[in-house]
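Visitor: So here's run_39.tsv, just TSV, C-alpha atoms:
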```
chain	number	residue	atom	x	y	z
A	227	MET	CA	-84.36	56.22	-53.46
A	228	ASP	CA	-86.67	58.32	-55.63
A	229	SER	CA	-86.42	61.72	-53.90
A	230	ARG	CA	-90.02	62.39	-54.81
A	231	HIS	CA	-91.13	59.83	-52.24
A	232	LEU	CA	-89.55	61.86	-49.48
A	233	SER	CA	-90.33	65.29	-50.88
A	234	HIS	CA	-94.01	64.47	-51.32
A	235	ALA	CA	-94.17	63.47	-47.67
A	236	TRP	CA	-92.14	66.43	-46.56
A	237	TYR	CA	-93.78	69.22	-48.52
A	238	GLY	CA	-97.09	67.96	-47.26
A	239	ALA	CA	-95.81	68.46	-43.73
A	240	GLY	CA	-98.01	71.46	-43.05
A	241	THR	CA	-101.16	69.49	-43.82
A	242	LEU	CA	-99.93	66.36	-42.14
A	243	THR	CA	-98.80	67.92	-38.90
A	244	ARG	CA	-102.02	69.87	-38.59
A	245	GLY	CA	-103.74	66.52	-38.72
A	246	ILE	CA	-101.49	64.86	-36.20
A	247	GLY	CA	-103.09	64.03	-32.87
A	248	PRO	CA	-105.85	61.78	-31.55
A	249	ALA	CA	-108.57	64.41	-31.98
A	250	ASN	CA	-107.83	65.00	-35.64
A	251	ILE	CA	-107.02	61.58	-37.07
A	252	GLY	CA	-109.26	59.52	-34.87
A	253	LEU	CA	-106.62	57.62	-32.93
A	254	MET	CA	-107.92	55.50	-30.11
A	255	GLU	CA	-106.80	56.55	-26.65
A	256	ALA	CA	-103.54	54.77	-25.92
A	257	GLU	CA	-100.35	55.10	-23.98
A	258	GLU	CA	-97.59	57.01	-25.70
A	259	GLU	CA	-95.60	53.79	-25.96
A	260	ARG	CA	-97.29	50.44	-26.23
A	261	ALA	CA	-96.38	46.87	-27.02
A	262	THR	CA	-97.54	45.90	-30.50
A	263	SER	CA	-96.85	42.81	-32.56
A	264	HIS	CA	-94.83	43.48	-35.71
A	265	GLU	CA	-93.14	40.80	-37.75
A	266	PRO	CA	-89.68	41.91	-38.87
A	267	ARG	CA	-88.24	41.15	-42.28
A	268	GLU	CA	-84.97	39.31	-42.75
A	269	ALA	CA	-83.16	42.65	-42.23
A	270	VAL	CA	-84.71	45.50	-40.26
A	271	ASN	CA	-83.86	48.96	-41.57
A	272	ILE	CA	-84.60	51.87	-39.27
A	273	LEU	CA	-84.38	55.55	-40.09
A	274	GLY	CA	-83.13	57.47	-37.06
A	275	ILE	CA	-83.51	61.21	-36.49
A	276	GLU	CA	-81.66	63.30	-33.88
A	277	THR	CA	-82.17	67.02	-33.12
A	278	SER	CA	-81.85	67.20	-29.34
A	279	CYS	CA	-79.33	70.04	-29.25
A	280	ASP	CA	-77.13	71.52	-31.99
A	281	GLU	CA	-76.60	68.62	-34.38
A	282	THR	CA	-79.12	67.81	-37.12
A	283	ALA	CA	-78.63	64.13	-37.81
A	284	ALA	CA	-80.21	61.24	-39.67
A	285	ALA	CA	-79.05	57.68	-40.23
A	286	VAL	CA	-80.22	54.34	-41.54
A	287	VAL	CA	-79.11	51.31	-39.52
A	288	ALA	CA	-79.90	47.67	-40.30
A	289	ASP	CA	-80.47	45.15	-37.51
A	290	GLY	CA	-79.18	47.60	-34.92
A	291	ARG	CA	-75.55	47.20	-35.97
A	292	ILE	CA	-75.02	47.68	-39.69
A	293	VAL	CA	-74.61	51.41	-40.37
A	294	LYS	CA	-75.86	52.07	-43.89
A	295	SER	CA	-75.64	55.84	-43.61
A	296	SER	CA	-74.93	58.59	-41.10
A	297	VAL	CA	-75.35	62.28	-41.86
A	298	VAL	CA	-74.68	65.03	-39.32
A	299	ALA	CA	-75.03	68.76	-39.94
A	300	SER	CA	-73.05	70.53	-37.23
A	301	GLN	CA	-73.97	73.96	-35.89
A	302	THR	CA	-70.67	74.62	-34.11
A	303	LYS	CA	-69.83	77.67	-36.22
A	304	LEU	CA	-73.27	79.18	-35.57
A	305	HIS	CA	-72.89	79.02	-31.78
A	306	GLU	CA	-69.16	79.72	-31.59
A	307	LYS	CA	-69.57	83.48	-31.14
A	308	TYR	CA	-71.95	82.93	-28.23
A	309	GLY	CA	-69.69	80.46	-26.42
A	310	GLY	CA	-72.58	78.00	-26.08
A	311	VAL	CA	-75.74	76.74	-27.74
A	312	VAL	CA	-78.52	79.29	-28.26
A	313	PRO	CA	-81.83	77.34	-28.42
A	314	GLU	CA	-83.56	79.67	-30.90
A	315	VAL	CA	-80.58	79.62	-33.26
A	316	ALA	CA	-80.37	75.84	-32.99
A	317	SER	CA	-84.06	75.40	-33.77
A	318	ARG	CA	-83.93	77.58	-36.89
A	319	ALA	CA	-80.89	75.67	-38.14
A	320	HIS	CA	-82.66	72.35	-37.57
A	321	ILE	CA	-85.64	73.54	-39.61
A	322	GLU	CA	-83.33	74.49	-42.47
A	323	LYS	CA	-81.29	71.28	-42.38
A	324	ILE	CA	-83.71	68.52	-41.38
A	325	TYR	CA	-85.09	67.76	-44.86
A	326	PRO	CA	-81.76	67.67	-46.77
A	327	VAL	CA	-80.12	65.67	-43.95
A	328	ILE	CA	-82.86	63.00	-44.00
A	329	ALA	CA	-82.86	62.90	-47.80
A	330	GLU	CA	-79.08	62.47	-47.88
A	331	ALA	CA	-79.17	59.70	-45.26
A	332	ILE	CA	-81.72	57.75	-47.27
A	333	GLU	CA	-79.81	58.30	-50.51
A	334	GLN	CA	-76.53	57.16	-48.96
A	335	ALA	CA	-78.19	54.06	-47.53
A	336	GLN	CA	-79.55	53.17	-50.97
A	337	VAL	CA	-82.90	52.11	-49.60
A	338	THR	CA	-86.43	52.92	-50.66
A	339	ARG	CA	-89.14	53.95	-48.26
A	340	ASP	CA	-90.65	50.46	-48.63
A	341	GLU	CA	-87.40	49.03	-47.28
A	342	ILE	CA	-87.53	51.21	-44.15
A	343	ASP	CA	-89.29	49.33	-41.37
A	344	ALA	CA	-89.68	52.14	-38.83
A	345	VAL	CA	-88.89	55.77	-38.13
A	346	ALA	CA	-87.16	56.52	-34.82
A	347	VAL	CA	-86.56	59.87	-33.19
A	348	ALA	CA	-84.94	61.20	-30.03
A	349	ASN	CA	-87.81	62.96	-28.24
A	350	GLN	CA	-86.14	63.48	-24.83
A	351	PRO	CA	-84.20	64.95	-23.09
A	352	GLY	CA	-82.86	68.08	-24.76
A	353	LEU	CA	-83.79	71.55	-25.93
A	354	THR	CA	-87.54	71.41	-26.47
A	355	ILE	CA	-87.64	73.73	-29.49
A	356	ALA	CA	-84.85	71.70	-31.07
A	357	LEU	CA	-86.38	68.31	-30.28
A	358	VAL	CA	-89.75	69.33	-31.72
A	359	VAL	CA	-88.23	69.73	-35.19
A	360	GLY	CA	-87.04	66.14	-35.28
A	361	VAL	CA	-90.20	64.82	-33.64
A	362	THR	CA	-92.40	66.61	-36.18
A	363	ALA	CA	-90.32	65.27	-39.06
A	364	ALA	CA	-90.47	61.72	-37.70
A	365	LYS	CA	-94.22	61.84	-37.10
A	366	THR	CA	-94.78	63.22	-40.59
A	367	LEU	CA	-92.80	60.45	-42.26
A	368	SER	CA	-94.33	57.78	-40.02
A	369	PHE	CA	-97.82	58.95	-40.97
A	370	ALA	CA	-97.13	59.47	-44.67
A	371	TRP	CA	-95.20	56.24	-45.13
A	372	GLU	CA	-97.38	54.20	-42.76
A	373	LYS	CA	-94.37	53.09	-40.75
A	374	PRO	CA	-94.15	52.46	-36.99
A	375	LEU	CA	-92.88	55.39	-34.92
A	376	ILE	CA	-90.31	54.72	-32.20
A	377	ALA	CA	-89.50	57.18	-29.40
A	378	ILE	CA	-85.91	57.18	-28.15
A	379	ASN	CA	-84.37	58.61	-25.00
A	380	HIS	CA	-81.30	60.54	-26.14
A	381	LEU	CA	-79.22	59.49	-23.11
A	382	HIS	CA	-80.02	55.81	-23.50
A	383	ALA	CA	-79.02	56.11	-27.16
A	384	HIS	CA	-75.58	57.39	-26.15
A	385	LEU	CA	-75.03	54.12	-24.30
A	386	GLN	CA	-76.09	52.18	-27.36
A	387	SER	CA	-73.16	53.80	-29.19
A	388	ALA	CA	-70.83	51.90	-26.88
A	389	MET	CA	-72.58	48.61	-27.64
A	390	LEU	CA	-72.71	48.87	-31.43
A	391	ASP	CA	-70.08	46.17	-32.01
A	392	GLU	CA	-70.88	44.03	-28.98
A	393	GLU	CA	-73.13	41.04	-29.67
A	394	HIS	CA	-73.19	39.68	-26.12
A	395	LEU	CA	-73.04	42.21	-23.30
A	396	GLU	CA	-71.45	40.66	-20.22
A	397	LEU	CA	-73.58	41.58	-17.23
A	398	PRO	CA	-73.86	43.26	-14.80
A	399	ALA	CA	-72.72	46.44	-16.55
A	400	VAL	CA	-72.32	50.00	-15.32
A	401	ALA	CA	-72.70	52.77	-17.87
A	402	LEU	CA	-71.32	56.31	-17.74
A	403	ILE	CA	-72.71	59.05	-19.99
A	404	VAL	CA	-70.66	62.23	-20.08
A	405	SER	CA	-71.94	65.01	-22.32
A	406	GLY	CA	-72.52	68.74	-22.48
A	407	GLY	CA	-75.82	68.60	-20.67
A	408	HIS	CA	-75.70	65.35	-18.73
A	409	THR	CA	-73.42	63.26	-16.56
A	410	CYS	CA	-75.11	60.03	-15.50
A	411	LEU	CA	-74.41	56.52	-14.22
A	412	TYR	CA	-76.69	53.61	-15.06
A	413	ASP	CA	-77.05	50.00	-14.09
A	414	CYS	CA	-77.39	48.46	-17.56
A	415	GLU	CA	-79.12	45.09	-17.82
A	416	SER	CA	-79.85	45.33	-21.55
A	417	PRO	CA	-80.29	48.07	-24.17
A	418	LEU	CA	-83.86	48.49	-22.93
A	419	GLU	CA	-83.28	47.97	-19.20
A	420	LEU	CA	-81.44	50.86	-17.61
A	421	GLN	CA	-81.66	51.93	-13.99
A	422	LEU	CA	-80.36	55.38	-13.10
A	423	LEU	CA	-77.76	55.23	-10.33
A	424	GLY	CA	-76.67	58.85	-10.22
A	425	SER	CA	-76.67	62.10	-12.18
A	426	THR	CA	-75.40	65.66	-12.02
A	427	ILE	CA	-76.96	67.99	-9.46
A	428	ASP	CA	-75.66	71.16	-11.18
A	429	ASP	CA	-73.22	71.58	-14.07
A	430	ALA	CA	-72.57	68.52	-16.21
A	431	ALA	CA	-68.97	67.69	-17.07
A	432	GLY	CA	-69.26	68.91	-20.65
A	433	GLU	CA	-70.88	72.14	-19.50
A	434	ALA	CA	-67.97	72.70	-17.09
A	435	PHE	CA	-65.51	72.17	-19.97
A	436	ASP	CA	-67.30	74.82	-22.04
A	437	LYS	CA	-67.43	77.34	-19.20
A	438	VAL	CA	-63.80	76.87	-18.22
A	439	ALA	CA	-62.75	77.19	-21.87
A	440	THR	CA	-64.54	80.54	-21.94
A	441	ILE	CA	-62.69	81.64	-18.79
A	442	LEU	CA	-59.37	80.62	-20.36
A	443	ARG	CA	-60.23	82.36	-23.65
A	444	LEU	CA	-60.12	79.05	-25.51
A	445	PRO	CA	-62.29	78.37	-28.58
A	446	TYR	CA	-65.75	76.82	-28.47
A	447	PRO	CA	-66.56	73.95	-28.07
A	448	GLY	CA	-64.68	73.74	-24.82
A	449	GLY	CA	-64.04	70.01	-24.59
A	450	PRO	CA	-61.63	69.68	-27.53
A	451	SER	CA	-60.01	73.04	-26.70
A	452	ILE	CA	-59.31	72.08	-23.08
A	453	GLU	CA	-57.96	68.68	-24.13
A	454	LYS	CA	-55.66	70.26	-26.71
A	455	ALA	CA	-54.33	72.85	-24.27
A	456	ALA	CA	-53.92	70.25	-21.50
A	457	LYS	CA	-51.49	68.17	-23.58
A	458	ASP	CA	-48.74	70.68	-22.86
A	459	GLY	CA	-49.74	71.31	-19.25
A	460	ASP	CA	-48.89	69.94	-15.82
A	461	PRO	CA	-52.00	68.26	-14.32
A	462	SER	CA	-50.60	68.78	-10.80
A	463	ALA	CA	-49.86	72.49	-11.22
A	464	VAL	CA	-53.10	73.64	-9.59
A	465	GLN	CA	-54.97	71.61	-6.97
A	466	PHE	CA	-58.58	72.15	-7.98
A	467	PRO	CA	-61.29	70.58	-5.75
A	468	ARG	CA	-62.75	67.12	-6.37
A	469	SER	CA	-66.38	67.05	-5.30
A	470	MET	CA	-67.39	63.50	-4.32
A	471	LEU	CA	-70.62	64.43	-2.45
A	472	GLY	CA	-70.10	61.89	0.30
A	473	PRO	CA	-68.62	58.38	0.51
A	474	ASP	CA	-71.58	56.60	-1.06
A	475	SER	CA	-72.92	59.21	-3.49
A	476	LEU	CA	-73.12	58.38	-7.19
A	477	ASP	CA	-74.24	61.89	-8.14
A	478	PHE	CA	-71.99	64.50	-9.74
A	479	SER	CA	-71.30	68.17	-9.07
A	480	PHE	CA	-68.95	70.20	-11.27
A	481	SER	CA	-70.10	73.71	-10.46
A	482	GLY	CA	-67.52	74.03	-7.69
A	483	ILE	CA	-64.51	73.28	-9.86
A	484	LYS	CA	-65.73	75.74	-12.49
A	485	THR	CA	-65.93	78.42	-9.78
A	486	ALA	CA	-62.49	77.43	-8.49
A	487	VAL	CA	-61.00	78.03	-11.94
A	488	LEU	CA	-62.72	81.40	-12.07
A	489	TYR	CA	-61.33	82.38	-8.64
A	490	HIS	CA	-57.88	81.23	-9.70
A	491	CYS	CA	-58.02	83.53	-12.70
A	492	ARG	CA	-59.73	86.55	-11.11
A	493	GLY	CA	-59.04	86.29	-7.38
A	494	GLN	CA	-61.26	85.17	-4.51
A	495	ASP	CA	-63.09	88.49	-4.32
A	496	MET	CA	-63.82	88.42	-8.07
A	497	LYS	CA	-62.90	92.11	-8.24
A	498	GLY	CA	-59.74	91.65	-10.22
A	499	GLU	CA	-59.51	91.48	-13.99
A	500	ASN	CA	-59.24	88.12	-15.67
A	501	ARG	CA	-55.50	87.44	-15.52
A	502	VAL	CA	-55.71	85.03	-18.44
A	503	ASP	CA	-54.92	87.85	-20.86
A	504	SER	CA	-51.53	88.29	-19.21
A	505	MET	CA	-50.84	84.60	-18.65
A	506	SER	CA	-48.29	82.67	-20.65
A	507	ARG	CA	-49.32	79.82	-22.89
A	508	GLN	CA	-47.77	77.42	-20.38
A	509	GLN	CA	-49.77	78.84	-17.49
A	510	ILE	CA	-53.01	78.39	-19.43
A	511	ALA	CA	-51.97	74.85	-20.36
A	512	ASP	CA	-51.29	74.07	-16.69
A	513	ILE	CA	-54.73	75.32	-15.65
A	514	ALA	CA	-56.40	73.34	-18.44
A	515	ALA	CA	-54.48	70.18	-17.51
A	516	SER	CA	-55.22	70.58	-13.80
A	517	PHE	CA	-58.91	71.20	-14.45
A	518	GLN	CA	-59.18	68.22	-16.80
A	519	ALA	CA	-57.38	65.96	-14.31
A	520	ALA	CA	-59.81	66.92	-11.55
A	521	ILE	CA	-62.87	66.24	-13.70
A	522	ILE	CA	-61.52	62.90	-14.87
A	523	GLU	CA	-60.56	61.80	-11.35
A	524	VAL	CA	-64.14	62.35	-10.16
A	525	LEU	CA	-65.62	60.56	-13.18
A	526	VAL	CA	-63.34	57.56	-12.74
A	527	LYS	CA	-63.82	57.27	-8.98
A	528	LYS	CA	-67.60	57.54	-9.26
A	529	THR	CA	-67.68	54.95	-12.03
A	530	LEU	CA	-65.55	52.59	-9.96
A	531	ARG	CA	-67.82	53.19	-6.98
A	532	ALA	CA	-70.86	52.28	-9.10
A	533	ALA	CA	-69.11	49.25	-10.60
A	534	GLU	CA	-68.25	47.93	-7.15
A	535	LYS	CA	-71.78	48.55	-5.93
A	536	ILE	CA	-73.39	46.36	-8.61
A	537	ASP	CA	-70.34	44.07	-9.07
A	538	ALA	CA	-70.14	45.09	-12.73
A	539	LYS	CA	-68.24	42.94	-15.19
A	540	THR	CA	-68.48	45.55	-17.94
A	541	VAL	CA	-68.16	49.33	-18.06
A	542	LEU	CA	-69.79	51.34	-20.84
A	543	LEU	CA	-68.68	54.87	-21.74
A	544	GLY	CA	-70.53	57.24	-24.07
A	545	GLY	CA	-71.41	60.87	-24.71
A	546	GLY	CA	-69.50	63.79	-26.20
A	547	VAL	CA	-66.90	63.99	-23.42
A	548	ALA	CA	-66.18	60.27	-23.95
A	549	ALA	CA	-64.13	61.39	-26.98
A	550	ASN	CA	-61.56	62.82	-24.55
A	551	ASN	CA	-58.47	60.61	-24.79
A	552	ALA	CA	-57.35	61.25	-21.22
A	553	LEU	CA	-60.74	60.10	-19.92
A	554	ARG	CA	-60.73	57.03	-22.14
A	555	ASP	CA	-57.25	56.09	-20.93
A	556	ALA	CA	-58.14	56.67	-17.27
A	557	ILE	CA	-61.31	54.56	-17.45
A	558	GLN	CA	-59.39	51.82	-19.26
A	559	GLN	CA	-56.70	51.85	-16.57
A	560	MET	CA	-59.38	51.61	-13.89
A	561	CYS	CA	-60.96	48.61	-15.61
A	562	ASP	CA	-57.61	46.89	-16.15
A	563	SER	CA	-56.54	47.35	-12.52
A	564	SER	CA	-59.81	45.98	-11.10
A	565	VAL	CA	-59.73	42.46	-9.66
A	566	PRO	CA	-60.97	40.74	-11.66
A	567	ALA	CA	-60.44	43.06	-14.61
A	568	ARG	CA	-63.55	44.66	-16.09
A	569	LYS	CA	-64.26	44.91	-19.81
A	570	LEU	CA	-64.56	48.45	-21.18
A	571	LEU	CA	-66.81	49.29	-24.10
A	572	VAL	CA	-66.35	52.84	-25.38
A	573	ALA	CA	-68.37	54.55	-28.07
A	574	PRO	CA	-66.35	55.05	-31.28
A	575	LYS	CA	-65.33	58.70	-31.53
A	576	PRO	CA	-67.61	59.49	-34.51
A	577	TYR	CA	-70.56	58.34	-32.36
A	578	CYS	CA	-69.59	60.08	-29.11
A	579	THR	CA	-71.13	63.40	-30.10
A	580	ASP	CA	-74.82	63.56	-31.02
A	581	ASN	CA	-75.69	61.40	-34.01
A	582	ALA	CA	-78.61	59.42	-35.40
A	583	VAL	CA	-76.84	56.07	-35.63
A	584	MET	CA	-77.29	55.62	-31.89
A	585	VAL	CA	-80.98	56.49	-32.24
A	586	ALA	CA	-81.63	54.00	-35.02
A	587	SER	CA	-79.52	51.31	-33.34
A	588	LEU	CA	-81.41	51.48	-30.04
A	589	ALA	CA	-84.70	51.65	-31.92
A	590	TYR	CA	-84.02	48.20	-33.37
A	591	TYR	CA	-84.41	46.65	-29.92
A	592	LYS	CA	-87.64	48.55	-29.29
A	593	PHE	CA	-88.82	47.43	-32.72
A	594	LYS	CA	-88.19	43.78	-31.83
A	595	ALA	CA	-90.00	44.30	-28.52
A	596	GLY	CA	-92.93	45.96	-30.28
A	597	LEU	CA	-92.54	49.20	-28.35
A	598	PHE	CA	-93.99	51.89	-30.62
A	599	ALA	CA	-95.20	55.43	-30.07
A	600	ASP	CA	-98.32	57.00	-31.53
A	601	LEU	CA	-98.70	60.33	-33.31
A	602	SER	CA	-99.38	62.17	-30.07
A	603	LEU	CA	-95.67	61.82	-29.24
A	604	GLU	CA	-94.25	65.03	-27.80
A	605	ALA	CA	-90.79	66.49	-27.29
A	606	LYS	CA	-89.71	66.61	-23.64
A	607	ALA	CA	-86.95	68.70	-22.13
A	608	HIS	CA	-86.35	66.14	-19.39
A	609	GLY	CA	-86.34	62.39	-19.57
```
Output the file's structure in the form of structure tokens.
Guide:
Amino acid sequence: MDSRHLSHAWYGAGTLTRGIGPANIGLMEAEEERATSHEPREAVNILGIETSCDETAAAVVADGRIVKSSVVASQTKLHEKYGGVVPEVASRAHIEKIYPVIAEAIEQAQVTRDEIDAVAVANQPGLTIALVVGVTAAKTLSFAWEKPLIAINHLHAHLQSAMLDEEHLELPAVALIVSGGHTCLYDCESPLELQLLGSTIDDAAGEAFDKVATILRLPYPGGPSIEKAAKDGDPSAVQFPRSMLGPDSLDFSFSGIKTAVLYHCRGQDMKGENRVDSMSRQQIADIAASFQAAIIEVLVKKTLRAAEKIDAKTVLLGGGVAANNALRDAIQQMCDSSVPARKLLVAPKPYCTDNAVMVASLAYYKFKAGLFADLSLEAKAHG
């Protein structure tokens, strides 16, 4: 692609974004998302943009399945010293990276702007000041290139990652999203038809991993660090609590187990020093393994509970924590031992963490359905 096409649109962003909005460009009053007829070409190329947390990502995907490019700029090193994502730091990094990431994605895909059929962006849920960077970029390109704009729910996109290679989803399907900020179960009837069955009422699983890693003095991000330490540990060494929230609940609560790990390391009165500094490597490994086992047991049991409730034939697994091998194995074992056995679709590891492939892939189905957003689209913390 001639980089001037993108740079002209981008460097005009100040003018363009000041003009964005119904009052300034004369848009008719309309719903944020509306059904509109749009005839697709033989192949539909969609540019996806993702900035919901600490990954700046862009991708071009054809027909919802053919990945032509995927570029992700990670901010892990920036947030490592804080032990978690700092919204202001994330937003500044997105502003610095968004243009080169989009340009590289288009260059890798070897497409021109005329060959891009729509621009899709994750606008919810996430860190608002991070989301707004991607939303502004997408609206700018949509306006400048005269391409349809497609709004994507970040959580729904994670499920799409698990369906990338599946042409015919066997229904009913239950879907589990496990990430740093969210732990959710859905009844999945199609990529565009998702009914929430349960979600976290406090800490999400990924958040618990990060916090426990901090307690154990393990590197950020916590998920990979806990998994690595747990490989040498005994998962039955410490009996941490499993919060099921009642016999029929499909919601999640991981705040209690995080607190239990803290008490184990500092004492019930919390007046003692963190004993981790004096613990052996094996003791830390045992705590990590026991913690991980407790989290996974809850995730598996809740997923099975949801699958039995809707008589699911398929289980979908996505989100950053879905990269955890112990979780993948446990969910697979649960599916295999069900009668009849359930099919498991798991997001490929490169698409478990935040990426734009999942955004562009899901957008293809909204494109076919004619579900487009207008330039009044806003970033939303919750969705």
Visitor: From the options A:Leu525, A:Ile342, A:Met560, A:Val327, which residue's atoms come nearest to Phe480 (chain A), counting only C-alpha atoms?
Guide: A:Leu525
Visitor: Considering all atoms listed in the file, state which residue in the set A:Glu415, A:Glu453, A:Glu341, A:Glu523 is at the smallest distance from Leu395 (chain A).
Guide: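 Checking each of A:Glu415, A:Glu453, A:Glu341, A:Glu523 against Leu395 (chain A), counting all atoms listed in the file, the winner is A:Glu415.
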Visitor: So, counting only C-alpha atoms, which residue among A:Ala430, A:Ala401, A:Ala463, A:Ala284 is closest to Met389 (chain A)?
Guide: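 Nearest to Met389 (chain A): A:Ala401.
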Visitor: Identify, on the basis of only C-alpha atoms, every residue whose closest approach to Ala348 (chain A) does not exceed 8 Å; exclude the query and any residue fewer than 4 positions from it along the same chain; express the result as number ranges by chain.
Guide: A: 275-278, 357, 360-361, 377-380, 585
Visitor: Find the residue from A:Ala486, A:Leu471, A:Ile328, A:Val572 that sits nearest to Leu385 (chain A); use all atoms listed in the file when measuring.
Guide: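 Counting all atoms listed in the file, the residue closest to Leu385 (chain A) is A:Val572.
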Visitor: Which residues are near Ser504 (chain A)? Cut-off 12 Å, only C-alpha atoms, ignore same chain within fewer than 5 positions. Put them as a JSON list (two decimals) with C-alpha atoms, in the coordinates of the input.
Guide:
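File around_19.json, as written:
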```json
[["chain", "number", "residue", "atom", "x", "y", "z"],
["A", 442, "LEU", "CA", -59.37, 80.62, -20.36],
["A", 443, "ARG", "CA", -60.23, 82.36, -23.65],
["A", 491, "CYS", "CA", -58.02, 83.53, -12.70],
["A", 492, "ARG", "CA", -59.73, 86.55, -11.11],
["A", 499, "GLU", "CA", -59.51, 91.48, -13.99],
["A", 509, "GLN", "CA", -49.77, 78.84, -17.49],
["A", 510, "ILE", "CA", -53.01, 78.39, -19.43]]
```
Visitor: Do a neighbour search on Gln558 (chain A) at 12 Å with all atoms listed in the file, toss out local chain neighbours closer than 5 positions, and write the hits as a PyMOL selection string.
Guide: chain A and resi 526+529-530+540-543+548+551-553+563-564+567-572
Visitor: Provide the CA of Val298 (chain A) to CA of Lys437 (chain A) distance in Å, to one decimal place.
Guide: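 These atoms are spaced 24.7 Å apart.
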